[in-house]
$ cat target19.txt   # compact mmCIF, C-alpha atoms and all ligand atoms
# COMPACT_ATOMS: atom_id res chain seq x y z
CA MET A 1 13.44 17.98 -17.48
CA ILE A 2 12.93 14.20 -17.41
CA LYS A 3 11.38 12.83 -20.63
CA THR A 4 9.97 9.35 -20.98
CA ASP A 5 7.32 7.33 -22.86
CA ILE A 6 5.21 6.47 -19.82
CA LEU A 7 5.31 8.39 -16.56
CA ILE A 8 4.13 6.22 -13.68
CA ILE A 9 2.94 7.92 -10.50
CA GLY A 10 3.54 5.44 -7.67
CA ALA A 11 6.26 2.80 -7.39
CA GLY A 12 4.18 0.23 -5.53
CA PRO A 13 3.89 -3.34 -6.85
CA VAL A 14 1.51 -2.30 -9.63
CA GLY A 15 3.66 0.62 -10.80
CA LEU A 16 6.70 -1.67 -10.85
CA PHE A 17 4.96 -4.37 -12.88
CA THR A 18 3.77 -1.70 -15.34
CA VAL A 19 7.44 -1.09 -16.15
CA PHE A 20 7.86 -4.73 -17.12
CA GLU A 21 4.76 -4.92 -19.31
CA ALA A 22 5.61 -1.60 -20.98
CA GLY A 23 9.20 -2.78 -21.45
CA LEU A 24 8.02 -5.81 -23.43
CA MET A 25 6.51 -3.28 -25.86
CA LYS A 26 9.74 -1.25 -25.98
CA LEU A 27 8.21 1.61 -24.01
CA LYS A 28 10.43 3.38 -21.51
CA CYS A 29 9.10 4.24 -18.05
CA HIS A 30 9.94 6.67 -15.29
CA LEU A 31 8.39 6.40 -11.83
CA ILE A 32 7.71 9.06 -9.21
CA ASP A 33 7.08 8.06 -5.60
CA ALA A 34 6.62 10.16 -2.50
CA LEU A 35 8.32 7.47 -0.41
CA PRO A 36 12.10 7.17 -0.35
CA GLU A 37 12.04 3.61 -1.69
CA ALA A 38 9.97 1.58 -4.11
CA GLY A 39 7.39 -0.98 -2.94
CA GLY A 40 4.34 1.02 -1.81
CA GLN A 41 2.21 -0.55 0.92
CA LEU A 42 4.26 -3.76 0.81
CA ILE A 43 7.38 -1.97 2.04
CA GLU A 44 5.71 0.75 4.07
CA ILE A 45 3.20 -1.37 5.98
CA TYR A 46 3.97 -5.07 5.83
CA PRO A 47 7.40 -5.96 4.41
CA LYS A 48 7.79 -9.10 6.54
CA LYS A 49 4.29 -10.53 6.04
CA PRO A 50 3.78 -13.48 3.73
CA ILE A 51 1.37 -13.00 0.80
CA TYR A 52 -0.39 -16.15 -0.35
CA ASP A 53 -2.34 -15.04 -3.43
CA ILE A 54 0.32 -14.18 -5.96
CA PRO A 55 -0.05 -16.76 -8.75
CA GLY A 56 2.85 -19.18 -8.78
CA TYR A 57 4.03 -18.28 -5.28
CA PRO A 58 2.44 -20.42 -2.55
CA ALA A 59 3.87 -17.84 -0.14
CA VAL A 60 6.12 -14.84 -0.64
CA LEU A 61 7.17 -12.15 1.83
CA ALA A 62 5.93 -8.72 0.74
CA GLY A 63 9.50 -7.36 0.81
CA GLU A 64 10.72 -10.26 -1.33
CA LEU A 65 7.96 -9.72 -3.88
CA VAL A 66 9.10 -6.11 -4.25
CA GLU A 67 12.71 -7.24 -4.71
CA ASN A 68 11.57 -9.64 -7.42
CA LEU A 69 9.48 -6.99 -9.16
CA MET A 70 12.50 -4.66 -9.17
CA GLU A 71 14.62 -7.45 -10.66
CA GLN A 72 11.96 -8.18 -13.28
CA ALA A 73 11.77 -4.48 -14.25
CA ALA A 74 15.57 -3.94 -14.26
CA PRO A 75 16.27 -4.98 -17.91
CA PHE A 76 14.03 -2.10 -18.99
CA LYS A 77 16.07 0.43 -17.01
CA PRO A 78 13.28 2.47 -15.42
CA GLY A 79 14.11 5.90 -14.06
CA PHE A 80 13.05 6.89 -10.54
CA THR A 81 12.24 10.15 -8.83
CA LEU A 82 11.90 9.00 -5.21
CA GLY A 83 10.99 10.92 -2.07
CA GLU A 84 8.99 13.43 -4.15
CA ARG A 85 5.26 13.82 -4.52
CA ALA A 86 3.73 14.40 -7.95
CA GLU A 87 1.96 17.68 -7.33
CA THR A 88 0.61 19.11 -10.59
CA ILE A 89 -0.17 17.96 -14.12
CA ASP A 90 -0.47 20.23 -17.15
CA LYS A 91 -1.37 19.23 -20.66
CA GLN A 92 1.04 20.78 -23.16
CA PRO A 93 0.07 22.19 -26.60
CA ASP A 94 1.63 19.08 -28.24
CA GLY A 95 -0.62 16.79 -26.14
CA GLN A 96 2.08 15.64 -23.72
CA PHE A 97 1.67 15.83 -19.95
CA LEU A 98 4.00 17.86 -17.75
CA VAL A 99 4.06 16.51 -14.19
CA THR A 100 5.87 18.52 -11.55
CA THR A 101 6.83 17.36 -8.06
CA GLN A 102 6.59 19.45 -4.89
CA LEU A 103 10.35 20.07 -5.26
CA GLY A 104 9.84 21.44 -8.76
CA VAL A 105 11.27 18.51 -10.75
CA GLU A 106 9.53 18.37 -14.16
CA HIS A 107 8.63 15.21 -16.06
CA LEU A 108 7.26 15.12 -19.61
CA ALA A 109 5.47 12.15 -21.18
CA PRO A 110 2.74 11.44 -23.74
CA VAL A 111 1.13 8.92 -21.34
CA VAL A 112 0.68 9.01 -17.57
CA ILE A 113 -0.25 5.90 -15.62
CA ILE A 114 -1.33 6.61 -12.07
CA ALA A 115 -0.55 3.71 -9.72
CA GLY A 116 -0.89 5.83 -6.59
CA GLY A 117 -2.52 3.17 -4.37
CA LEU A 118 -3.98 4.66 -1.24
CA GLY A 119 -2.22 7.94 -1.93
CA SER A 120 -0.38 9.33 1.02
CA PHE A 121 -0.23 7.03 4.03
CA GLU A 122 -2.25 8.49 6.89
CA PRO A 123 -2.87 6.08 9.75
CA ARG A 124 -6.20 6.45 11.51
CA LYS A 125 -5.21 7.76 14.91
CA PRO A 126 -7.14 7.31 18.14
CA GLN A 127 -8.44 10.48 19.77
CA LEU A 128 -6.27 10.72 22.89
CA GLU A 129 -5.02 13.97 24.32
CA ASN A 130 -1.34 13.13 24.86
CA LEU A 131 -0.99 10.66 21.95
CA SER A 132 1.68 12.68 20.13
CA ASP A 133 3.91 12.63 23.27
CA PHE A 134 4.33 8.88 22.84
CA GLU A 135 4.46 8.50 19.05
CA ASN A 136 7.56 6.41 18.25
CA LYS A 137 8.20 6.25 22.01
CA GLY A 138 5.93 3.28 22.62
CA VAL A 139 3.07 4.08 20.24
CA TYR A 140 3.46 2.74 16.68
CA TYR A 141 0.95 2.74 13.83
CA MET A 142 2.81 0.22 11.67
CA VAL A 143 5.07 -2.78 12.16
CA LYS A 144 8.04 -2.22 9.91
CA GLN A 145 10.65 -4.37 11.68
CA PRO A 146 8.92 -7.14 13.69
CA GLU A 147 12.23 -7.86 15.49
CA ASP A 148 11.89 -4.50 17.28
CA PHE A 149 8.80 -5.80 19.09
CA LEU A 150 10.03 -9.25 20.11
CA GLY A 151 10.39 -9.96 23.84
CA LYS A 152 8.11 -7.02 24.69
CA LYS A 153 4.76 -6.52 26.35
CA LEU A 154 2.52 -5.53 23.47
CA LEU A 155 -0.97 -4.12 23.42
CA ILE A 156 -2.60 -4.21 19.99
CA SER A 157 -5.87 -2.40 19.29
CA GLY A 158 -8.18 -3.02 16.35
CA GLY A 159 -10.52 -5.58 14.85
CA GLY A 160 -9.29 -5.69 11.25
CA ASP A 161 -6.80 -7.91 9.44
CA SER A 162 -3.77 -5.88 10.34
CA ALA A 163 -4.49 -5.95 14.11
CA LEU A 164 -5.38 -9.66 14.14
CA ASP A 165 -2.50 -10.75 11.89
CA TRP A 166 0.12 -8.99 13.99
CA ALA A 167 -1.45 -10.09 17.29
CA ILE A 168 -1.27 -13.72 16.10
CA TYR A 169 2.24 -13.29 14.71
CA PHE A 170 3.62 -11.95 18.00
CA ALA A 171 1.60 -14.30 20.23
CA GLU A 172 3.35 -17.20 18.52
CA LYS A 173 6.79 -15.80 19.38
CA GLU A 174 8.66 -16.74 22.55
CA ASN A 175 8.78 -14.20 25.41
CA THR A 176 6.43 -11.76 23.72
CA SER A 177 3.21 -11.01 25.55
CA VAL A 178 0.20 -9.87 23.54
CA THR A 179 -3.07 -8.29 24.60
CA LEU A 180 -5.57 -7.59 21.83
CA VAL A 181 -8.21 -4.95 22.56
CA HIS A 182 -11.23 -4.40 20.35
CA ARG A 183 -14.13 -2.09 21.02
CA SER A 184 -16.72 -4.62 19.86
CA ASP A 185 -17.08 -8.42 19.89
CA ARG A 186 -17.51 -8.42 16.11
CA PHE A 187 -14.29 -8.38 14.07
CA ARG A 188 -13.75 -7.17 10.50
CA ALA A 189 -10.75 -9.48 10.14
CA HIS A 190 -10.83 -12.79 8.31
CA LYS A 191 -12.84 -15.45 10.17
CA ASP A 192 -9.83 -17.82 10.38
CA SER A 193 -7.76 -15.13 12.06
CA VAL A 194 -10.46 -14.42 14.63
CA GLU A 195 -10.77 -18.14 15.43
CA LYS A 196 -7.00 -18.40 15.73
CA ALA A 197 -6.86 -15.44 18.14
CA PHE A 198 -9.42 -17.06 20.45
CA GLU A 199 -7.54 -20.39 20.25
CA LEU A 200 -4.38 -18.57 21.35
CA GLN A 201 -6.33 -17.04 24.20
CA GLU A 202 -7.45 -20.48 25.36
CA THR A 203 -3.85 -21.72 25.40
CA GLY A 204 -2.80 -18.63 27.34
CA ARG A 205 -0.66 -17.17 24.51
CA MET A 206 -2.87 -14.11 24.00
CA ASN A 207 -5.24 -12.02 26.07
CA VAL A 208 -8.27 -10.85 24.06
CA ILE A 209 -10.35 -7.99 25.48
CA THR A 210 -13.59 -7.19 23.66
CA HIS A 211 -15.85 -4.15 24.21
CA GLY A 212 -12.72 -2.38 25.39
CA GLU A 213 -10.86 0.77 24.41
CA VAL A 214 -7.64 2.46 25.44
CA SER A 215 -8.71 5.63 27.22
CA ALA A 216 -5.44 7.03 28.59
CA LEU A 217 -1.68 6.77 28.09
CA GLU A 218 0.83 7.12 30.89
CA GLY A 219 4.62 7.31 31.10
CA GLN A 220 7.53 9.63 31.86
CA ASN A 221 9.34 9.84 28.52
CA ASN A 222 8.32 6.56 26.96
CA LEU A 223 4.96 4.83 27.19
CA GLU A 224 4.79 2.77 30.40
CA SER A 225 1.13 1.89 30.84
CA VAL A 226 -2.32 2.41 29.37
CA THR A 227 -5.79 2.53 30.85
CA ILE A 228 -8.39 0.28 29.28
CA GLN A 229 -12.06 1.13 29.55
CA GLN A 230 -14.31 -1.89 29.24
CA LYS A 231 -18.09 -2.14 29.08
CA GLU A 232 -19.58 -2.91 32.52
CA GLN A 233 -16.10 -3.39 34.03
CA PRO A 234 -13.94 -1.10 36.14
CA ASP A 235 -11.11 0.65 34.25
CA GLN A 236 -7.87 -1.31 34.30
CA LYS A 237 -4.33 0.00 34.08
CA VAL A 238 -2.05 -2.30 32.08
CA THR A 239 1.75 -2.08 31.98
CA VAL A 240 2.99 -2.15 28.38
CA ASP A 241 6.16 -1.57 26.37
CA CYS A 242 4.35 -0.78 23.15
CA TRP A 243 0.87 0.06 22.01
CA LEU A 244 -0.01 -0.61 18.38
CA PRO A 245 -3.31 1.06 17.46
CA LEU A 246 -3.88 -0.65 14.09
CA PHE A 247 -7.05 1.03 12.90
CA GLY A 248 -6.09 1.07 9.22
CA LEU A 249 -5.14 3.87 6.88
CA SER A 250 -7.43 6.68 5.92
CA PRO A 251 -7.30 6.92 2.14
CA LYS A 252 -6.17 10.33 0.97
CA LEU A 253 -5.68 10.81 -2.73
CA GLY A 254 -3.53 13.86 -2.11
CA PRO A 255 -2.70 16.14 -5.05
CA ILE A 256 -4.00 13.61 -7.61
CA GLY A 257 -7.48 14.43 -6.33
CA ASN A 258 -7.10 17.95 -7.80
CA TRP A 259 -6.12 16.88 -11.31
CA GLY A 260 -9.63 17.16 -12.78
CA LEU A 261 -10.06 13.38 -13.01
CA ALA A 262 -13.42 11.71 -12.32
CA ILE A 263 -13.47 10.49 -8.73
CA ASP A 264 -15.81 8.22 -6.82
CA LYS A 265 -15.29 7.56 -3.10
CA ASN A 266 -11.67 8.70 -3.11
CA ALA A 267 -10.69 6.58 -6.13
CA LEU A 268 -10.20 7.36 -9.83
CA VAL A 269 -13.00 6.18 -12.07
CA VAL A 270 -11.69 4.15 -15.03
CA ASP A 271 -13.04 2.32 -18.04
CA ASN A 272 -12.81 -1.31 -16.98
CA THR A 273 -14.45 -2.55 -20.16
CA PHE A 274 -11.29 -1.79 -22.08
CA ASP A 275 -8.04 -0.21 -20.90
CA TYR A 276 -8.36 1.39 -17.42
CA GLN A 277 -8.16 4.90 -18.88
CA THR A 278 -9.56 7.75 -16.79
CA ASN A 279 -11.94 10.38 -18.17
CA VAL A 280 -8.86 12.21 -19.51
CA PRO A 281 -7.46 10.45 -22.60
CA GLY A 282 -3.80 9.51 -22.08
CA ILE A 283 -4.12 9.28 -18.29
CA PHE A 284 -4.69 5.77 -16.93
CA ALA A 285 -5.19 4.56 -13.35
CA VAL A 286 -4.26 1.05 -12.21
CA GLY A 287 -4.10 -0.79 -8.88
CA ASP A 288 -5.65 0.33 -5.62
CA VAL A 289 -6.10 3.92 -6.81
CA ASN A 290 -8.86 3.13 -9.31
CA THR A 291 -12.49 2.11 -9.05
CA TYR A 292 -15.04 0.39 -11.28
CA PRO A 293 -17.92 -2.01 -10.69
CA GLY A 294 -16.58 -5.11 -8.98
CA LYS A 295 -13.17 -3.63 -8.20
CA LEU A 296 -10.99 -5.69 -5.86
CA LYS A 297 -7.98 -4.08 -4.21
CA LEU A 298 -5.62 -6.96 -4.82
CA ILE A 299 -2.13 -6.97 -6.26
CA LEU A 300 -2.94 -9.47 -9.01
CA CYS A 301 -5.90 -7.35 -10.19
CA GLY A 302 -3.56 -4.36 -10.47
CA PHE A 303 -1.11 -6.45 -12.55
CA HIS A 304 -3.89 -7.32 -14.99
CA GLU A 305 -5.06 -3.70 -15.24
CA ALA A 306 -1.52 -2.49 -15.95
CA THR A 307 -1.05 -5.10 -18.69
CA LEU A 308 -4.13 -3.86 -20.53
CA ALA A 309 -3.38 -0.16 -19.97
CA VAL A 310 0.00 -0.36 -21.71
CA GLN A 311 -1.62 -1.79 -24.85
CA THR A 312 -3.51 1.50 -25.39
CA ALA A 313 -0.47 3.48 -24.21
CA TYR A 314 1.49 1.87 -27.07
CA LYS A 315 -1.08 3.02 -29.61
CA ILE A 316 -1.01 6.59 -28.25
CA ILE A 317 2.78 6.69 -28.38
CA ASN A 318 3.09 4.85 -31.74
CA PRO A 319 -0.07 5.77 -33.67
CA ASP A 320 1.35 4.42 -36.94
CA LYS A 321 2.67 1.12 -35.62
CA HIS A 322 1.01 -2.18 -34.87
CA PHE A 323 2.19 -4.28 -31.97
CA THR A 324 1.85 -8.05 -32.18
CA LEU A 325 1.65 -9.76 -28.82
CA LYS A 326 4.16 -12.59 -28.52
CA TYR A 327 4.62 -14.80 -25.49
CA THR A 328 7.74 -14.15 -23.43
CA THR A 329 8.49 -17.85 -23.86
CA VAL A 330 8.80 -17.15 -27.59
CA ARG A 331 10.50 -13.76 -27.73
CA GLY A 332 12.24 -13.68 -24.33
CA ILE A 333 12.98 -10.47 -22.45
CA GLN A 334 14.70 -7.98 -24.68
CA GLY A 335 15.72 -5.10 -22.44
CA PHE A 336 16.85 -1.65 -23.48
C1 LIG A 401 -1.73 -5.34 5.89
C2 LIG A 401 -2.07 -5.55 4.43
C3 LIG A 401 -2.03 -6.83 3.89
C4 LIG A 401 -2.33 -7.04 2.54
N1 LIG A 401 -2.28 -8.30 2.04
C5 LIG A 401 -2.53 -8.52 0.71
C6 LIG A 401 -2.49 -9.82 0.15
O1 LIG A 401 -2.26 -10.79 0.87
N2 LIG A 401 -2.73 -9.95 -1.18
C7 LIG A 401 -3.01 -8.89 -2.01
O2 LIG A 401 -3.19 -9.06 -3.20
N3 LIG A 401 -3.08 -7.63 -1.49
C8 LIG A 401 -2.85 -7.43 -0.17
N4 LIG A 401 -2.93 -6.16 0.35
C9 LIG A 401 -3.30 -5.05 -0.58
C10 LIG A 401 -2.08 -4.66 -1.43
O3 LIG A 401 -1.02 -4.23 -0.58
C11 LIG A 401 -2.49 -3.55 -2.39
O4 LIG A 401 -3.49 -4.06 -3.25
C12 LIG A 401 -1.27 -3.11 -3.22
O5 LIG A 401 -0.28 -2.54 -2.41
C13 LIG A 401 -1.70 -2.10 -4.28
O6 LIG A 401 -0.58 -1.76 -5.01
P1 LIG A 401 -0.46 -0.35 -5.76
O7 LIG A 401 0.84 -0.41 -6.47
O8 LIG A 401 -1.71 -0.11 -6.50
O9 LIG A 401 -0.45 0.75 -4.60
P2 LIG A 401 0.48 0.98 -3.32
O10 LIG A 401 1.16 -0.24 -2.87
O11 LIG A 401 -0.40 1.69 -2.35
O12 LIG A 401 1.60 1.99 -3.84
C14 LIG A 401 1.22 3.28 -4.27
C15 LIG A 401 2.41 4.21 -4.22
O13 LIG A 401 2.04 5.46 -4.81
C16 LIG A 401 2.68 6.49 -4.12
N5 LIG A 401 1.97 7.75 -4.34
C17 LIG A 401 0.66 8.04 -4.12
N6 LIG A 401 0.37 9.29 -4.48
C18 LIG A 401 1.55 9.83 -4.96
C19 LIG A 401 1.91 11.10 -5.47
N7 LIG A 401 1.04 12.11 -5.64
N8 LIG A 401 3.21 11.30 -5.83
C20 LIG A 401 4.12 10.31 -5.69
N9 LIG A 401 3.83 9.08 -5.20
C21 LIG A 401 2.56 8.85 -4.86
C22 LIG A 401 2.67 6.05 -2.66
O14 LIG A 401 3.72 6.67 -1.94
C23 LIG A 401 2.88 4.53 -2.82
O15 LIG A 401 4.25 4.16 -2.68
C24 LIG A 401 -2.65 -5.93 1.70
C25 LIG A 401 -2.68 -4.64 2.24
C26 LIG A 401 -2.39 -4.44 3.59
C27 LIG A 401 -2.43 -3.04 4.14

$ encode --input "target19.txt" --output "structure tokens"
Amino acid sequence: MIKTDILIIGAGPVGLFTVFEAGLMKLKCHLIDALPEAGGQLIEIYPKKPIYDIPGYPAVLAGELVENLMEQAAPFKPGFTLGERAETIDKQPDGQFLVTTQLGVEHLAPVVIIAGGLGSFEPRKPQLENLSDFENKGVYYMVKQPEDFLGKKLLISGGGDSALDWAIYFAEKENTSVTLVHRSDRFRAHKDSVEKAFELQETGRMNVITHGEVSALEGQNNLESVTIQQKEQPDQKVTVDCWLPLFGLSPKLGPIGNWGLAIDKNALVVDNTFDYQTNVPGIFAVGDVNTYPGKLKLILCGFHEATLAVQTAYKIINPDKHFTLKYTTVRGIQGF
């Protein structure tokens, strides 16, 4: 059985930063993540995209931010159970929590911090009969390695940030042809991105089709072409190498949803007036997984929540001790 001070469910950016903040208070952390590597959405969905709103970094690639967070956490020697989903939680007679993964690995800790983000990653899939025949054979729901798509004929569907950002990214690359299809003429994506997409269309770098939808997929083994249905237009068959339906991820809390914690719209309700604790004392929720009035699903908000959560965690773990906050510039980083 793995024993630790704080058990963190989810090794995304917020879970990783929790290790650092807990480490400054001499609290040891262990993380469980269902994915085979740490980094959460940043590694799973957009490792090569630049993030512009991390304080102190005018721009940082998502993958690089995760590397830096791992480096920052390293002095505190966190333990990892990767590739396993936290399945059940049971409160023990001594007040500690026993968390067991789907493979039966047991973890015991007096404090649990859930940093489970969107939970399990389930892309929203279009309703097309033979879709599964072409999954990973021309149909991709995420861009993990942008290099794999360079020099290809790409069709990207969607009207949100992910669809627009990738359409712009690839349209600016040599030899890569991009058609963006959206079922409406109103986009959810950031206004600047929408303007940029139409500018690229004017210069012939991108083809934007509005009021359109992919209605059929064709190909022998791999995807070869798709049919696009467009309002008041005849159907058109377009030759493609890859189709990226980027309709977002449907949030699924997974097993955490059955842990008896207060939930509102698929997220864990926390006390944002104080320490981001859930309705169960000793269980906290930080980052994208939680909700409270005014919640923003941003990395820096998760960092703040984690910093406050570990203050109460310290008091639970060390009821007789008092911790005095000292700046890292004064006390430095004293690892384990
Ligand atoms: C395309 C895109 C661009 C974005 N750009 C920005 C941006 O520019 N700036 C910004 O601030 N934010 C951005 N975001 C949002 C940002 O990625 C999230 O706010 C951030 O990832 C939240 O971090 P987290 O650690 O809370 O959760 P996540 O990154 O979602 O990590 C949660 C982890 O928990 C794991 N997990 C869940 N349930 C279990 C379980 N039961 N057992 C084990 N493991 C579990 C998951 O596998 C996952 O690895 C963007 C998001 C997307 C999709």

$ residues_near_ligand --input "target19.txt" --ligand "ligand LIG 401 (chain A)" --cutoff "7 Å" --atoms "all atoms listed in the file" --output "PyMOL selection string"
chain A and resi 9-15+32-35+38-42+45-46+51-54+84-87+115-120+161-162+253-256+286-289+297-300+302

$ atom_distance --input "target19.txt" --atom1 "atom CA of A:His182" --atom2 "atom CA of A:Gln229"
10.8 Å

$ residues_around --input "target19.txt" --residues "A:Thr179" --least-positions-apart "4" --cutoff "10 Å" --atoms "all atoms listed in the file" --output "ChimeraX atom specification"
/A:153-157,167,171,201,205-209,238,240,243

$ residues_around --input "target19.txt" --residues "A:Tyr169" --least-positions-apart "6" --cutoff "10 Å" --atoms "all atoms listed in the file" --output "ChimeraX atom specification"
/A:49,146,163,178,197

$ closest_residue --input "target19.txt" --among "A:Ile263, A:Val310, A:Leu16, A:Ile316" --to "A:Gly282" --atoms "all atoms listed in the file"
A:Ile316

$ residues_around --input "target19.txt" --residues "A:Gln334" --least-positions-apart "2" --cutoff "12 Å" --atoms "only C-alpha atoms" --output "ChimeraX atom specification"
/A:20-27,72-77,328-332,336

$ closest_residue --input "target19.txt" --among "A:Pro110, A:Pro319, A:Gly104, A:Pro281" --to "A:Gln92" --atoms "all atoms listed in the file"
A:Pro110

$ atom_distance --input "target19.txt" --atom1 "atom CA of A:Ala313" --atom2 "atom CA of A:Lys265"
26.1 Å

$ closest_residue --input "target19.txt" --among "A:Thr227, A:Lys3, A:Gln145, A:Ile114" --to "A:Asn290" --atoms "all atoms listed in the file"
A:Ile114

$ closest_residue --input "target19.txt" --among "A:Lys237, A:Lys196, A:Lys321, A:His30" --to "A:Val111" --atoms "all atoms listed in the file"
A:His30

$ decode --input "target19.txt" --residues "stretch 278-294 of chain A" --atoms "N, CA and C atoms" --output "mmCIF file, in the first residue's frame"
data_model
loop_
_atom_site.group_PDB
_atom_site.id
_atom_site.type_symbol
_atom_site.label_atom_id
_atom_site.label_comp_id
_atom_site.auth_asym_id
_atom_site.auth_seq_id
_atom_site.Cartn_x
_atom_site.Cartn_y
_atom_site.Cartn_z
ATOM 1 N N THR A 278 -14.180 20.271 -0.598
ATOM 2 C CA THR A 278 -15.496 19.814 -1.043
ATOM 3 C C THR A 278 -16.404 19.706 0.176
ATOM 4 N N ASN A 279 -17.586 19.135 -0.002
ATOM 5 C CA ASN A 279 -18.496 18.951 1.135
ATOM 6 C C ASN A 279 -17.994 17.885 2.098
ATOM 7 N N VAL A 280 -16.968 17.106 1.691
ATOM 8 C CA VAL A 280 -16.393 16.105 2.596
ATOM 9 C C VAL A 280 -15.073 16.653 3.155
ATOM 10 N N PRO A 281 -15.009 16.906 4.465
ATOM 11 C CA PRO A 281 -13.770 17.453 5.032
ATOM 12 C C PRO A 281 -12.573 16.548 4.718
ATOM 13 N N GLY A 282 -11.480 17.172 4.316
ATOM 14 C CA GLY A 282 -10.272 16.396 3.977
ATOM 15 C C GLY A 282 -10.151 16.101 2.505
ATOM 16 N N ILE A 283 -11.248 16.312 1.744
ATOM 17 C CA ILE A 283 -11.170 16.122 0.282
ATOM 18 C C ILE A 283 -11.343 17.489 -0.382
ATOM 19 N N PHE A 284 -10.332 17.884 -1.133
ATOM 20 C CA PHE A 284 -10.333 19.179 -1.815
ATOM 21 C C PHE A 284 -10.470 18.939 -3.327
ATOM 22 N N ALA A 285 -10.876 19.974 -4.048
ATOM 23 C CA ALA A 285 -10.914 19.864 -5.520
ATOM 24 C C ALA A 285 -10.377 21.165 -6.105
ATOM 25 N N VAL A 286 -9.377 21.052 -6.973
ATOM 26 C CA VAL A 286 -8.724 22.240 -7.541
ATOM 27 C C VAL A 286 -8.622 22.091 -9.058
ATOM 28 N N GLY A 287 -8.527 23.213 -9.753
ATOM 29 C CA GLY A 287 -8.393 23.183 -11.215
ATOM 30 C C GLY A 287 -9.729 22.983 -11.899
ATOM 31 N N ASP A 288 -9.681 22.516 -13.125
ATOM 32 C CA ASP A 288 -10.881 22.431 -13.967
ATOM 33 C C ASP A 288 -12.001 21.584 -13.374
ATOM 34 N N VAL A 289 -11.673 20.701 -12.427
ATOM 35 C CA VAL A 289 -12.671 19.762 -11.910
ATOM 36 C C VAL A 289 -13.666 20.428 -10.954
ATOM 37 N N ASN A 290 -13.347 21.619 -10.457
ATOM 38 C CA ASN A 290 -14.234 22.205 -9.436
ATOM 39 C C ASN A 290 -15.142 23.292 -10.007
ATOM 40 N N THR A 291 -16.106 23.687 -9.206
ATOM 41 C CA THR A 291 -16.978 24.795 -9.612
ATOM 42 C C THR A 291 -17.359 25.633 -8.406
ATOM 43 N N TYR A 292 -17.527 26.918 -8.644
ATOM 44 C CA TYR A 292 -17.985 27.878 -7.636
ATOM 45 C C TYR A 292 -18.379 29.139 -8.393
ATOM 46 N N PRO A 293 -19.090 30.055 -7.760
ATOM 47 C CA PRO A 293 -19.516 31.236 -8.511
ATOM 48 C C PRO A 293 -18.313 31.979 -9.088
ATOM 49 N N GLY A 294 -18.361 32.222 -10.387
ATOM 50 C CA GLY A 294 -17.273 32.968 -11.028
ATOM 51 C C GLY A 294 -16.107 32.114 -11.484
#
